[in-house]
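Trainee: Structure file run-v7.csv (CSV, C-alpha atoms) right here:
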```
chain,number,residue,atom,x,y,z
P,1,MET,CA,-2.6,12.9,34.7
P,2,ASN,CA,-1.4,14.5,31.6
P,3,ALA,CA,-1.2,12.5,28.4
P,4,GLY,CA,0.1,15.4,26.5
P,5,ALA,CA,-0.3,15.0,22.7
P,6,GLY,CA,-1.5,11.5,23.1
P,7,ARG,CA,1.6,10.4,25.0
P,8,ALA,CA,1.6,8.8,28.4
P,9,PRO,CA,4.5,8.9,30.8
P,10,ALA,CA,7.1,6.2,30.4
P,11,ALA,CA,6.1,2.9,32.1
P,12,PRO,CA,9.0,0.5,31.9
P,13,GLY,CA,8.2,-3.0,30.9
P,14,LYS,CA,4.6,-2.4,29.7
P,15,VAL,CA,3.3,-3.1,26.3
P,16,GLY,CA,3.2,0.0,24.2
P,17,ILE,CA,0.1,1.1,22.3
P,18,VAL,CA,0.1,2.9,18.9
P,19,LEU,CA,-3.1,4.5,17.6
P,20,VAL,CA,-3.1,5.0,13.8
P,21,SER,CA,-6.0,7.1,12.4
P,22,HIS,CA,-6.5,9.0,9.1
P,23,SER,CA,-7.0,12.0,11.4
P,24,ALA,CA,-4.3,13.4,13.7
P,25,ALA,CA,-7.0,14.8,15.9
P,26,VAL,CA,-8.8,11.4,16.2
P,27,ALA,CA,-5.5,9.6,17.0
P,28,GLU,CA,-4.4,12.1,19.6
P,29,SER,CA,-7.9,12.4,21.3
P,30,THR,CA,-8.3,8.7,21.4
P,31,ALA,CA,-4.9,8.3,23.0
P,32,ARG,CA,-5.8,10.8,25.6
P,33,LEU,CA,-9.2,9.3,26.2
P,34,ALA,CA,-7.8,5.8,26.6
P,35,ALA,CA,-5.1,7.0,29.0
P,36,ASP,CA,-7.6,8.9,31.0
P,37,LEU,CA,-10.0,6.0,31.2
P,38,SER,CA,-7.3,3.5,32.1
P,39,GLY,CA,-7.5,4.8,35.7
P,40,ALA,CA,-3.9,3.7,36.2
P,41,PRO,CA,-1.5,5.9,38.1
P,42,GLU,CA,1.1,5.0,35.5
P,43,PRO,CA,-0.7,4.1,32.2
P,44,ALA,CA,1.1,2.1,29.6
P,45,PRO,CA,2.9,4.2,27.0
P,46,VAL,CA,0.5,5.4,24.2
P,47,ALA,CA,1.4,7.2,21.1
P,48,ALA,CA,-0.7,8.7,18.3
P,49,ALA,CA,0.2,8.4,14.6
P,50,GLY,CA,-2.5,10.3,12.9
P,51,GLY,CA,-2.8,12.0,9.5
P,52,ALA,CA,-0.7,11.9,6.3
P,53,HIS,CA,2.9,12.8,5.8
P,54,ASP,CA,1.9,16.3,4.8
P,55,GLY,CA,-0.4,16.8,7.8
P,56,GLY,CA,-3.6,16.2,5.8
P,57,VAL,CA,-6.1,13.3,6.1
P,58,GLY,CA,-4.4,10.0,5.4
P,59,THR,CA,-1.6,7.7,6.8
P,60,SER,CA,2.1,8.3,7.3
P,61,SER,CA,4.3,5.3,7.6
P,62,GLU,CA,7.0,7.4,9.2
P,63,ALA,CA,4.6,8.6,11.9
P,64,ILE,CA,3.8,4.9,12.6
P,65,THR,CA,7.4,3.8,12.9
P,66,THR,CA,8.3,6.8,15.1
P,67,ALA,CA,5.3,6.2,17.4
P,68,ALA,CA,6.1,2.5,17.7
P,69,ARG,CA,9.7,3.1,18.6
P,70,GLU,CA,8.6,5.7,21.1
P,71,VAL,CA,6.3,3.4,23.1
P,72,ASP,CA,8.6,0.3,22.8
P,73,ARG,CA,9.7,-0.7,26.3
P,74,GLY,CA,10.8,-4.2,25.2
P,75,ALA,CA,7.5,-5.8,26.1
P,76,GLY,CA,6.0,-5.5,22.6
P,77,VAL,CA,3.9,-3.0,20.9
P,78,VAL,CA,0.2,-3.3,19.9
P,79,VAL,CA,-1.1,-1.1,17.0
P,80,LEU,CA,-4.7,-0.2,16.5
P,81,ALA,CA,-5.7,1.4,13.2
P,82,ASP,CA,-9.0,2.9,12.0
P,83,LEU,CA,-9.5,1.7,8.4
P,84,GLY,CA,-8.2,1.6,4.8
P,85,SER,CA,-4.7,2.9,4.3
P,86,ALA,CA,-4.1,3.0,8.1
P,87,VAL,CA,-4.7,-0.7,8.3
P,88,LEU,CA,-2.8,-1.5,5.1
P,89,THR,CA,0.2,0.6,6.0
P,90,VAL,CA,0.6,-1.1,9.3
P,91,LYS,CA,0.2,-4.5,7.7
P,92,THR,CA,2.8,-3.6,5.0
P,93,LEU,CA,5.3,-2.4,7.6
P,94,LEU,CA,4.8,-5.6,9.6
P,95,ALA,CA,5.2,-7.8,6.4
P,96,GLU,CA,8.4,-6.0,5.3
P,97,GLY,CA,10.1,-6.7,8.6
P,98,GLY,CA,12.7,-4.4,10.2
P,99,GLU,CA,10.4,-1.4,10.1
P,100,LEU,CA,8.7,-1.8,13.5
P,101,PRO,CA,10.1,-2.9,16.8
P,102,GLU,CA,10.4,-6.6,17.5
P,103,GLY,CA,7.1,-8.0,18.8
P,104,THR,CA,4.9,-5.4,17.2
P,105,ARG,CA,1.4,-6.7,16.4
P,106,LEU,CA,-1.7,-5.2,14.8
P,107,ALA,CA,-4.9,-5.6,16.8
P,108,ASP,CA,-8.1,-6.7,15.0
P,109,ALA,CA,-10.3,-4.3,17.0
P,110,PRO,CA,-12.6,-1.4,16.8
P,111,PHE,CA,-10.6,1.8,17.1
P,112,VAL,CA,-11.9,3.7,20.1
P,113,GLU,CA,-13.3,0.8,22.2
P,114,GLY,CA,-10.3,-1.3,21.3
P,115,ALA,CA,-7.9,1.5,22.3
P,116,VAL,CA,-9.4,1.8,25.7
P,117,ALA,CA,-9.4,-1.9,26.3
P,118,ALA,CA,-5.8,-2.2,25.1
P,119,VAL,CA,-4.5,0.7,27.3
P,120,VAL,CA,-6.4,-0.6,30.4
P,121,THR,CA,-4.9,-4.1,29.9
P,122,ALA,CA,-1.4,-2.9,29.1
P,123,SER,CA,-1.4,-0.5,32.1
P,124,VAL,CA,-2.0,-3.3,34.6
P,125,GLY,CA,0.9,-5.3,33.0
P,126,GLY,CA,-0.9,-7.5,30.5
P,127,ASP,CA,1.4,-9.0,27.9
P,128,VAL,CA,1.0,-8.6,24.1
P,129,GLU,CA,-1.4,-11.5,23.8
P,130,ALA,CA,-3.6,-10.2,26.7
P,131,VAL,CA,-3.6,-6.7,25.1
P,132,LEU,CA,-4.5,-8.1,21.7
P,133,SER,CA,-7.3,-10.2,23.1
P,134,ALA,CA,-8.7,-7.4,25.2
P,135,ALA,CA,-8.7,-5.1,22.2
P,136,GLN,CA,-10.4,-7.7,20.0
P,137,ASP,CA,-13.0,-8.5,22.7
P,138,ALA,CA,-14.1,-4.9,22.4
P,139,TYR,CA,-16.0,-6.0,19.2
P,140,SER,CA,-18.4,-7.8,21.5
P,141,TYR,CA,-19.4,-4.8,23.6
P,142,ARG,CA,-23.0,-4.6,22.4
P,143,LYS,CA,-24.8,-1.3,22.8
P,144,VAL,CA,-28.4,-2.3,22.2
T,1,MET,CA,22.9,-5.7,-28.0
T,2,THR,CA,20.7,-4.4,-30.8
T,3,ALA,CA,21.3,-7.2,-33.3
T,4,PRO,CA,18.4,-7.3,-35.8
T,5,ALA,CA,17.6,-10.9,-34.8
T,6,SER,CA,17.0,-9.8,-31.2
T,7,PRO,CA,15.2,-6.5,-30.9
T,8,GLU,CA,14.3,-7.2,-27.3
T,9,PRO,CA,15.0,-4.5,-24.7
T,10,ALA,CA,17.3,-5.5,-21.9
T,11,VAL,CA,15.4,-5.6,-18.6
T,12,ASP,CA,18.0,-4.0,-16.4
T,13,ALA,CA,18.0,-1.2,-13.8
T,14,LEU,CA,17.8,1.5,-16.6
T,15,PHE,CA,14.8,-0.2,-18.1
T,16,VAL,CA,13.0,-0.3,-14.7
T,17,ARG,CA,13.9,3.3,-14.0
T,18,ARG,CA,12.5,4.3,-17.4
T,19,TRP,CA,9.3,2.4,-16.7
T,20,LEU,CA,8.8,4.2,-13.4
T,21,ALA,CA,9.7,7.6,-14.8
T,22,GLU,CA,7.1,7.0,-17.6
T,23,ALA,CA,4.6,5.8,-15.0
T,24,ALA,CA,5.2,9.1,-13.1
T,25,ALA,CA,4.6,11.1,-16.2
T,26,VAL,CA,1.4,9.2,-17.1
T,27,VAL,CA,0.2,9.6,-13.5
T,28,ASP,CA,0.8,13.3,-13.7
T,29,ARG,CA,-1.2,13.6,-17.0
T,30,GLU,CA,-4.0,11.4,-15.7
T,31,ALA,CA,-4.2,12.6,-12.1
T,32,VAL,CA,-7.3,14.7,-12.6
T,33,HIS,CA,-9.1,11.8,-14.3
T,34,LEU,CA,-8.1,9.4,-11.5
T,35,THR,CA,-9.4,11.8,-8.9
T,36,GLU,CA,-12.6,12.3,-10.8
T,37,LEU,CA,-13.1,8.5,-10.9
T,38,ASP,CA,-12.3,8.4,-7.2
T,39,SER,CA,-14.8,11.2,-6.4
T,40,ALA,CA,-17.6,9.0,-7.7
T,41,ILE,CA,-17.0,6.1,-5.4
T,42,GLY,CA,-14.1,7.0,-3.1
T,43,ASP,CA,-12.7,10.0,-1.3
T,44,ALA,CA,-11.5,11.9,-4.3
T,45,ASP,CA,-7.8,11.7,-3.6
T,46,HIS,CA,-6.5,8.9,-5.8
T,47,GLY,CA,-5.0,11.1,-8.5
T,48,SER,CA,-3.3,13.5,-6.0
T,49,ASN,CA,-2.0,10.6,-3.9
T,50,MET,CA,-0.5,8.8,-6.9
T,51,GLN,CA,1.0,12.0,-8.1
T,52,ARG,CA,2.6,12.8,-4.8
T,53,GLY,CA,4.0,9.2,-4.6
T,54,PHE,CA,5.3,9.0,-8.1
T,55,ARG,CA,6.8,12.5,-8.1
T,56,ALA,CA,8.7,11.5,-4.9
T,57,ALA,CA,9.7,8.2,-6.7
T,58,ALA,CA,11.0,10.1,-9.8
T,59,GLN,CA,13.0,12.4,-7.6
T,60,GLU,CA,14.5,9.5,-5.7
T,61,MET,CA,15.6,7.8,-8.9
T,62,GLU,CA,17.4,11.0,-10.0
T,63,GLN,CA,19.1,11.5,-6.7
T,64,ASP,CA,20.0,7.9,-5.9
T,65,PRO,CA,19.7,5.5,-8.9
T,66,ALA,CA,19.9,1.9,-7.7
T,67,ALA,CA,22.1,-0.5,-9.7
T,68,THR,CA,19.8,-3.5,-10.2
T,69,PRO,CA,16.2,-3.8,-11.4
T,70,GLY,CA,15.3,-5.5,-8.1
T,71,ALA,CA,16.8,-2.7,-6.0
T,72,VAL,CA,15.1,0.0,-8.1
T,73,LEU,CA,11.7,-1.6,-7.6
T,74,ALA,CA,12.2,-2.3,-3.9
T,75,GLY,CA,13.4,1.3,-3.3
T,76,ILE,CA,10.6,2.9,-5.2
T,77,GLY,CA,8.1,0.6,-3.4
T,78,ARG,CA,9.4,1.9,-0.1
T,79,ILE,CA,9.0,5.5,-1.3
T,80,LEU,CA,5.3,4.8,-2.3
T,81,ILE,CA,4.6,3.3,1.0
T,82,SER,CA,5.9,6.3,2.8
T,83,ARG,CA,4.7,9.1,0.5
T,84,VAL,CA,1.3,8.3,-1.0
T,85,GLY,CA,-0.7,8.6,2.2
T,86,GLY,CA,-3.7,6.6,0.9
T,87,ALA,CA,-4.4,2.9,0.5
T,88,SER,CA,-2.7,2.9,-2.9
T,89,GLY,CA,0.6,3.6,-1.1
T,90,PRO,CA,0.9,0.3,0.7
T,91,LEU,CA,-0.7,-1.5,-2.2
T,92,TYR,CA,1.5,-0.3,-5.0
T,93,GLY,CA,4.4,-0.2,-2.6
T,94,THR,CA,3.9,-3.9,-1.9
T,95,LEU,CA,3.5,-4.6,-5.7
T,96,LEU,CA,6.9,-3.1,-6.4
T,97,ARG,CA,8.7,-4.3,-3.3
T,98,ARG,CA,7.6,-7.9,-3.8
T,99,ALA,CA,8.5,-7.8,-7.5
T,100,GLY,CA,11.8,-6.3,-6.6
T,101,LYS,CA,12.5,-9.0,-4.0
T,102,ALA,CA,11.6,-11.7,-6.6
T,103,LEU,CA,14.2,-10.3,-9.0
T,104,GLY,CA,17.0,-10.6,-6.4
T,105,ASP,CA,20.3,-8.8,-7.2
T,106,ALA,CA,20.5,-9.8,-10.9
T,107,GLU,CA,21.8,-6.9,-13.1
T,108,GLU,CA,19.6,-8.0,-16.0
T,109,VAL,CA,16.6,-10.4,-16.0
T,110,ALA,CA,14.8,-12.5,-18.6
T,111,PRO,CA,11.2,-11.7,-19.6
T,112,GLU,CA,10.1,-14.9,-17.8
T,113,GLN,CA,11.7,-13.5,-14.6
T,114,LEU,CA,10.0,-10.2,-15.0
T,115,ARG,CA,6.7,-12.1,-15.4
T,116,GLU,CA,7.3,-14.1,-12.2
T,117,ALA,CA,8.3,-11.0,-10.3
T,118,LEU,CA,5.1,-9.2,-11.4
T,119,ARG,CA,3.1,-12.2,-10.4
T,120,ALA,CA,4.7,-12.2,-7.0
T,121,GLY,CA,3.9,-8.5,-6.7
T,122,VAL,CA,0.3,-9.0,-7.7
T,123,ASP,CA,0.0,-11.9,-5.2
T,124,GLY,CA,1.3,-9.6,-2.5
T,125,VAL,CA,-1.3,-7.0,-3.3
T,126,ALA,CA,-4.1,-9.5,-3.3
T,127,GLN,CA,-3.0,-10.9,0.0
T,128,LEU,CA,-2.5,-7.5,1.6
T,129,GLY,CA,-5.9,-6.1,0.6
T,130,GLY,CA,-7.7,-9.5,0.8
T,131,ALA,CA,-9.1,-8.8,-2.7
T,132,ALA,CA,-9.9,-11.3,-5.4
T,133,GLN,CA,-10.8,-10.8,-9.1
T,134,GLY,CA,-14.3,-9.4,-9.3
T,135,ASP,CA,-14.1,-7.2,-6.1
T,136,LYS,CA,-13.7,-4.0,-8.2
T,137,THR,CA,-10.1,-3.3,-7.2
T,138,MET,CA,-6.6,-3.0,-8.7
T,139,ILE,CA,-6.5,-6.8,-8.9
T,140,ASP,CA,-9.1,-6.7,-11.7
T,141,ALA,CA,-6.5,-5.0,-13.9
T,142,LEU,CA,-3.3,-6.5,-12.6
T,143,ALA,CA,-4.2,-10.2,-12.4
T,144,PRO,CA,-5.4,-10.5,-16.1
T,145,ALA,CA,-2.4,-8.5,-17.2
T,146,VAL,CA,0.1,-10.9,-15.6
T,147,GLU,CA,-1.9,-13.8,-17.0
T,148,ALA,CA,-1.9,-12.4,-20.5
T,149,MET,CA,1.8,-11.7,-20.3
T,150,GLY,CA,2.5,-15.2,-19.2
T,151,PHE,CA,0.2,-16.7,-21.8
T,152,ALA,CA,2.0,-14.7,-24.5
T,153,LEU,CA,5.5,-15.6,-23.3
T,154,ASP,CA,4.5,-19.3,-23.1
T,155,LYS,CA,3.5,-19.1,-26.8
T,156,GLY,CA,6.9,-17.7,-27.6
T,157,ALA,CA,6.0,-14.0,-27.9
T,158,SER,CA,8.7,-11.4,-27.5
T,159,LEU,CA,8.7,-9.3,-24.3
T,160,VAL,CA,7.4,-6.3,-26.3
T,161,ASP,CA,4.4,-8.3,-27.5
T,162,ALA,CA,3.8,-10.0,-24.2
T,163,LEU,CA,3.7,-6.6,-22.5
T,164,ALA,CA,1.5,-5.2,-25.2
T,165,ALA,CA,-0.9,-8.1,-24.4
T,166,ALA,CA,-0.6,-7.3,-20.7
T,167,ARG,CA,-1.5,-3.7,-21.3
T,168,ILE,CA,-4.6,-4.6,-23.3
T,169,ALA,CA,-5.7,-7.1,-20.6
T,170,ALA,CA,-5.2,-4.5,-17.9
T,171,GLU,CA,-7.2,-1.9,-19.8
T,172,GLU,CA,-10.0,-4.4,-20.5
T,173,GLY,CA,-9.9,-5.4,-16.8
T,174,ALA,CA,-10.2,-1.8,-15.7
T,175,VAL,CA,-13.2,-1.2,-18.0
T,176,ALA,CA,-14.7,-4.5,-16.7
T,177,THR,CA,-14.9,-3.0,-13.2
T,178,VAL,CA,-17.7,-0.6,-14.3
T,179,PRO,CA,-20.6,-3.0,-13.7
T,180,MET,CA,-19.0,-4.6,-10.6
T,181,LEU,CA,-20.2,-4.2,-7.0
T,182,ALA,CA,-17.3,-3.0,-4.9
T,183,ARG,CA,-16.4,-5.5,-2.2
T,184,LYS,CA,-13.2,-3.8,-0.8
T,185,GLY,CA,-12.1,-0.4,0.2
T,186,ARG,CA,-14.1,2.7,0.8
T,187,ALA,CA,-16.2,2.1,-2.4
T,188,SER,CA,-17.6,-1.0,-0.7
T,189,TYR,CA,-19.5,1.2,1.8
T,190,LEU,CA,-21.6,2.4,-1.2
T,191,GLY,CA,-22.9,-1.1,-1.9
T,192,GLU,CA,-25.1,-1.0,-5.0
T,193,ARG,CA,-24.2,2.6,-5.7
T,194,SER,CA,-20.7,1.6,-6.6
T,195,ILE,CA,-22.1,-0.1,-9.7
T,196,GLY,CA,-21.7,1.8,-12.9
T,197,HIS,CA,-18.4,3.5,-12.1
T,198,GLN,CA,-14.9,2.4,-13.2
T,199,ASP,CA,-12.6,1.6,-10.3
T,200,PRO,CA,-9.8,4.2,-9.9
T,201,GLY,CA,-7.3,1.7,-8.6
T,202,ALA,CA,-7.9,-0.7,-11.6
T,203,THR,CA,-7.5,2.4,-13.8
T,204,SER,CA,-4.2,3.5,-12.4
T,205,SER,CA,-3.0,-0.1,-12.6
T,206,ALA,CA,-3.7,-0.2,-16.3
T,207,LEU,CA,-1.8,3.1,-16.6
T,208,LEU,CA,1.3,1.6,-15.0
T,209,LEU,CA,1.2,-1.4,-17.2
T,210,GLY,CA,0.6,0.8,-20.2
T,211,ALA,CA,3.8,2.7,-19.2
T,212,LEU,CA,5.7,-0.6,-19.0
T,213,ALA,CA,4.5,-1.7,-22.5
T,214,ASP,CA,5.5,1.7,-23.9
T,215,VAL,CA,9.0,1.6,-22.4
T,216,ALA,CA,9.5,-1.9,-23.7
T,217,GLN,CA,8.3,-0.8,-27.2
T,218,ASP,CA,10.6,2.2,-27.2
T,219,GLY,CA,13.6,0.1,-26.0
T,220,ALA,CA,13.0,-2.3,-28.8
T,221,LEU,CA,13.1,0.3,-31.6
```
Now, as a test, write the supplied structure out as C-alpha cells.

Mentor:
Amino acid sequence: MNAGAGRAPAAPGKVGIVLVSHSAAVAESTARLAADLSGAPEPAPVAAAGGAHDGGVGTSSEAITTAAREVDRGAGVVVLADLGSAVLTVKTLLAEGGELPEGTRLADAPFVEGAVAAVVTASVGGDVEAVLSAAQDAYSYRKV
Amino acid sequence: MTAPASPEPAVDALFVRRWLAEAAAVVDREAVHLTELDSAIGDADHGSNMQRGFRAAAQEMEQDPAATPGAVLAGIGRILISRVGGASGPLYGTLLRRAGKALGDAEEVAPEQLREALRAGVDGVAQLGGAAQGDKTMIDALAPAVEAMGFALDKGASLVDALAAARIAAEEGAVATVPMLARKGRASYLGERSIGHQDPGATSSALLLGALADVAQDGAL
C-alpha cells in the first residue's frame, strides 16, 4: 500500500488519526509507519501535521486543523502529539471550540507506539474511545 | 474625557491596540535577549517566535482593527496561536483569548473588568500548561502581576498606578525564577541545571505587562 505523504486512502466511517510533531519528517514517517504496520487492506485515514507554519521546527495550528478535516469521516478524529507546543496547540484548539471537527480528541499516548496502536485499532473499525484507549495503552509496552 | 479630576485612560479598543502595538515593539527590541535566555535552558527560539507572532499581530491590527477591546484581544490571541510556532503561541494566545472573552462586547471597560479579564487569561494559561507558581514559567510573572493589580485597585489606586504595580510585580516575579528548578516545558528536562537562569517566558510576560503599564501611563498624560 501507499500511504503517500503520510496519508492513507479514504476509509469511510473509520476514526481519523492526526499525528502532530515538531518535525514534518517525523510526523510523515510515523504516519507511514503506522499505516504500514496496521496490516489492514484499507487502513484508517491518517494525516501528518508536522513542523511550524514557515516549514521549520515547531507547530502549525493551521496544519493541524487541515489534517483533522482531511481525515474526518464522521466517526471522530484522534490526535497524537509529540511534546511542548504540539500538545499545547492541540489542547488550545480543542478548548476554543469550532476549530477542529466534532468529536476530535487528544490521545494521552507516546507518539510512535501510540500512533501504531491508534491506526491498528481505527483500521479494524474501533470507535474513538477504543482508539484513545489503545493509544494510551502503548505507555505500558515495557521494553526491558 | 480628560477632565483634571479623572486622568484615567479609557480602556477601549484603541487602548488595547496601543498596548499590543507597544508589546510588539518591545518584543522586537528584546528578541535577542529573550532568545539568549532561551538558549541557556530552552531551544533558543523564544525571541524569534515572539517576534514572528507579534509582528503578525501588529499587521493584523493595522489591516483589520476590531471595534471592541474584547474583540481585539480575542483576534490577536488567535493570530498568536497560529503564527508563533512554539509553546508561547498557544500560551499567550490563550491568555489574550480568555481575557478577550471575559470582556465580552463592551466598547469600554472599567479597570476592575480589565483586572478580571487578565485574571481569567492567567487562569487559562495555568490550566493549559498545568503550571503553578514556582514552576519557573510565565505564571511566575503573570500571577503576581494580576494579584498586585487587584490589590492596588482594591485600595482605591488608579488604573495607571495599579498597572505600574503589576509591572513591578511581574518584573520581580521574572527575576525570582532565577533560583527556581524548572518543572514545566523543555527546561524541566535539564533538572538541576535549569537553576541559575531566568525563565524566558516569565521575562516576556514581564515585558508585556510593562508595555501595558506604559500605554496606560501615556494615555493618562

Trainee: Which neighbours of Gly50 in chain P fall inside 9 Å, counting only C-alpha atoms, when residues of the same chain fewer than 4 positions from it are skipped, and could you give them as an mmCIF file with C-alpha atoms, in the frame of the given file?

Mentor:
```cif
data_model
loop_
_atom_site.group_PDB
_atom_site.id
_atom_site.type_symbol
_atom_site.label_atom_id
_atom_site.label_comp_id
_atom_site.auth_asym_id
_atom_site.auth_seq_id
_atom_site.Cartn_x
_atom_site.Cartn_y
_atom_site.Cartn_z
ATOM 1 C CA LEU P 19 -3.100 4.500 17.600
ATOM 2 C CA VAL P 20 -3.100 5.000 13.800
ATOM 3 C CA SER P 21 -6.000 7.100 12.400
ATOM 4 C CA HIS P 22 -6.500 9.000 9.100
ATOM 5 C CA SER P 23 -7.000 12.000 11.400
ATOM 6 C CA ALA P 24 -4.300 13.400 13.700
ATOM 7 C CA ALA P 25 -7.000 14.800 15.900
ATOM 8 C CA VAL P 26 -8.800 11.400 16.200
ATOM 9 C CA ALA P 27 -5.500 9.600 17.000
ATOM 10 C CA GLU P 28 -4.400 12.100 19.600
ATOM 11 C CA GLY P 55 -0.400 16.800 7.800
ATOM 12 C CA VAL P 57 -6.100 13.300 6.100
ATOM 13 C CA GLY P 58 -4.400 10.000 5.400
ATOM 14 C CA THR P 59 -1.600 7.700 6.800
ATOM 15 C CA SER P 60 2.100 8.300 7.300
ATOM 16 C CA ALA P 63 4.600 8.600 11.900
ATOM 17 C CA ILE P 64 3.800 4.900 12.600
ATOM 18 C CA ALA P 86 -4.100 3.000 8.100
#
```

Trainee: Neighbours of range 130-142 of chain P within 6 Å (only C-alpha atoms; same-chain residues fewer than 2 positions away dropped), as an mmCIF file with C-alpha atoms, in the coordinates of the input?

Mentor:
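This is the output file part13.cif:
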```cif
data_model
loop_
_atom_site.group_PDB
_atom_site.id
_atom_site.type_symbol
_atom_site.label_atom_id
_atom_site.label_comp_id
_atom_site.auth_asym_id
_atom_site.auth_seq_id
_atom_site.Cartn_x
_atom_site.Cartn_y
_atom_site.Cartn_z
ATOM 1 C CA ALA P 107 -4.900 -5.600 16.800
ATOM 2 C CA ASP P 108 -8.100 -6.700 15.000
ATOM 3 C CA ALA P 109 -10.300 -4.300 17.000
ATOM 4 C CA GLU P 113 -13.300 0.800 22.200
ATOM 5 C CA GLY P 114 -10.300 -1.300 21.300
ATOM 6 C CA ALA P 117 -9.400 -1.900 26.300
ATOM 7 C CA ALA P 118 -5.800 -2.200 25.100
ATOM 8 C CA THR P 121 -4.900 -4.100 29.900
ATOM 9 C CA ALA P 122 -1.400 -2.900 29.100
ATOM 10 C CA GLY P 126 -0.900 -7.500 30.500
ATOM 11 C CA ASP P 127 1.400 -9.000 27.900
ATOM 12 C CA VAL P 128 1.000 -8.600 24.100
ATOM 13 C CA VAL P 144 -28.400 -2.300 22.200
#
```

Trainee: Smallest atom-to-atom distance to chain T: which of P:Glu70, P:Asp36, P:Glu62, P:Asp82, using all atoms listed in the file?

Mentor: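 Residue with the minimum atom-to-atom distance to chain T: P:Glu62.
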
Trainee: Find the residues in chain T near chain P: any atom within 9 Å counts, using all atoms listed in the file. Write them as a list in words.

Mentor: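 Using all atoms listed in the file, chain T residues at most 9 Å from chain P: Ile81, Ser82, Arg83, Val84, Gly85, Gly86, Ala87, Ser88, Gly89, Pro90, Leu91, Gly93, Thr94, Arg97, Leu128, Gly129, Gly185 and Arg186 of chain T.
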
Trainee: What would the file look like if the residues just selected were written as a compact mmCIF listing (two decimals), in the coordinates of the input with C-alpha atoms?

Mentor:
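Output file again_36.txt follows:
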```txt
# COMPACT_ATOMS: atom_id res chain seq x y z
CA ILE T 81 4.60 3.30 1.00
CA SER T 82 5.90 6.30 2.80
CA ARG T 83 4.70 9.10 0.50
CA VAL T 84 1.30 8.30 -1.00
CA GLY T 85 -0.70 8.60 2.20
CA GLY T 86 -3.70 6.60 0.90
CA ALA T 87 -4.40 2.90 0.50
CA SER T 88 -2.70 2.90 -2.90
CA GLY T 89 0.60 3.60 -1.10
CA PRO T 90 0.90 0.30 0.70
CA LEU T 91 -0.70 -1.50 -2.20
CA GLY T 93 4.40 -0.20 -2.60
CA THR T 94 3.90 -3.90 -1.90
CA ARG T 97 8.70 -4.30 -3.30
CA LEU T 128 -2.50 -7.50 1.60
CA GLY T 129 -5.90 -6.10 0.60
CA GLY T 185 -12.10 -0.40 0.20
CA ARG T 186 -14.10 2.70 0.80
```

Trainee: Which distance in Å separates CA of Leu142 in chain T and CA of Ala170 in chain T, to one decimal?

Mentor: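 Computing it gives 6.0 Å between the two atoms.
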
Trainee: How far is it from CA of Arg167 in chain T to CA of Ala44 in chain T, in Å with one decimal?

Mentor: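 About the pair CA of Arg167 in chain T and CA of Ala44 in chain T: they are 25.1 Å apart.
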
Trainee: Quick one: residues within 8 Å of Pro200 in chain T, only C-alpha atoms counted, chain neighbours fewer than 6 positions away excluded, as a ChimeraX atom specification?

Mentor: /T:34-35,37-38,46,137-138

Trainee: Which of these, T:Ala106, T:Lys155, T:Met149, T:Arg183, has the shortest distance to Arg119 in chain T once you count all atoms listed in the file?

Mentor: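 Closest to Arg119 in chain T, using all atoms listed in the file: T:Met149.
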
Trainee: Quick check, in Å to one decimal: how far apart do CA of Val124 in chain P and CA of Gly103 in chain P lie?

Mentor: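 Those two atoms sit 18.8 Å apart.
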
Trainee: My list of candidates is T:Lys184, T:Pro111, T:Val178, T:Gly100. Which is closest to Ala152 in chain T when distances are computed with only C-alpha atoms?

Mentor: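 That would be T:Pro111, the residue with the smallest distance to Ala152 in chain T.
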
Trainee: For Thr30 in chain P, which of P:Ser123, P:Gly76, P:Thr66, P:Phe111 is the closest residue, counting all atoms listed in the file?

Mentor: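 When distances to Thr30 in chain P are compared using all atoms listed in the file, the smallest one comes from P:Phe111.
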
Trainee: Find the residues near Ile17 in chain P: any atom within 9 Å, counting all atoms listed in the file, skip ones fewer than 6 places away on the same chain, and give them as a short mmCIF file (atom, residue, chain, number, x, y, z; two decimals) with C-alpha atoms, keeping the file's coordinate frame.

Mentor:
```cif
data_model
loop_
_atom_site.label_atom_id
_atom_site.label_comp_id
_atom_site.auth_asym_id
_atom_site.auth_seq_id
_atom_site.Cartn_x
_atom_site.Cartn_y
_atom_site.Cartn_z
CA ALA P 31 -4.90 8.30 23.00
CA ALA P 44 1.10 2.10 29.60
CA PRO P 45 2.90 4.20 27.00
CA VAL P 46 0.50 5.40 24.20
CA ALA P 47 1.40 7.20 21.10
CA ALA P 48 -0.70 8.70 18.30
CA ALA P 67 5.30 6.20 17.40
CA ALA P 68 6.10 2.50 17.70
CA VAL P 71 6.30 3.40 23.10
CA ASP P 72 8.60 0.30 22.80
CA GLY P 76 6.00 -5.50 22.60
CA VAL P 77 3.90 -3.00 20.90
CA VAL P 78 0.20 -3.30 19.90
CA VAL P 79 -1.10 -1.10 17.00
CA LEU P 80 -4.70 -0.20 16.50
CA ALA P 115 -7.90 1.50 22.30
CA ALA P 118 -5.80 -2.20 25.10
CA VAL P 119 -4.50 0.70 27.30
CA ALA P 122 -1.40 -2.90 29.10
#
```

Trainee: Name all residues at most 6 Å from Ala75 in chain P (count only C-alpha atoms; drop same-chain ones fewer than 4 positions away) and give them as a PyMOL selection string.

Mentor: chain P and resi 13-15

Trainee: Return the single residue from P:Ser38, P:Thr104, P:Ser29, P:Thr65 that is closest to Val120 in chain P, with distances computed using only C-alpha atoms.

Mentor: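 For Val120 in chain P, the nearest of the candidates is P:Ser38.
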
Trainee: Select, from T:Asp154, T:Glu30, T:Asp199, T:Asp218, the residue with the minimum atom-to-atom distance to Asp135 in chain T, counting all atoms listed in the file.

Mentor: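 Of T:Asp154, T:Glu30, T:Asp199, T:Asp218, the one nearest Asp135 in chain T is T:Asp199, counting all atoms listed in the file.
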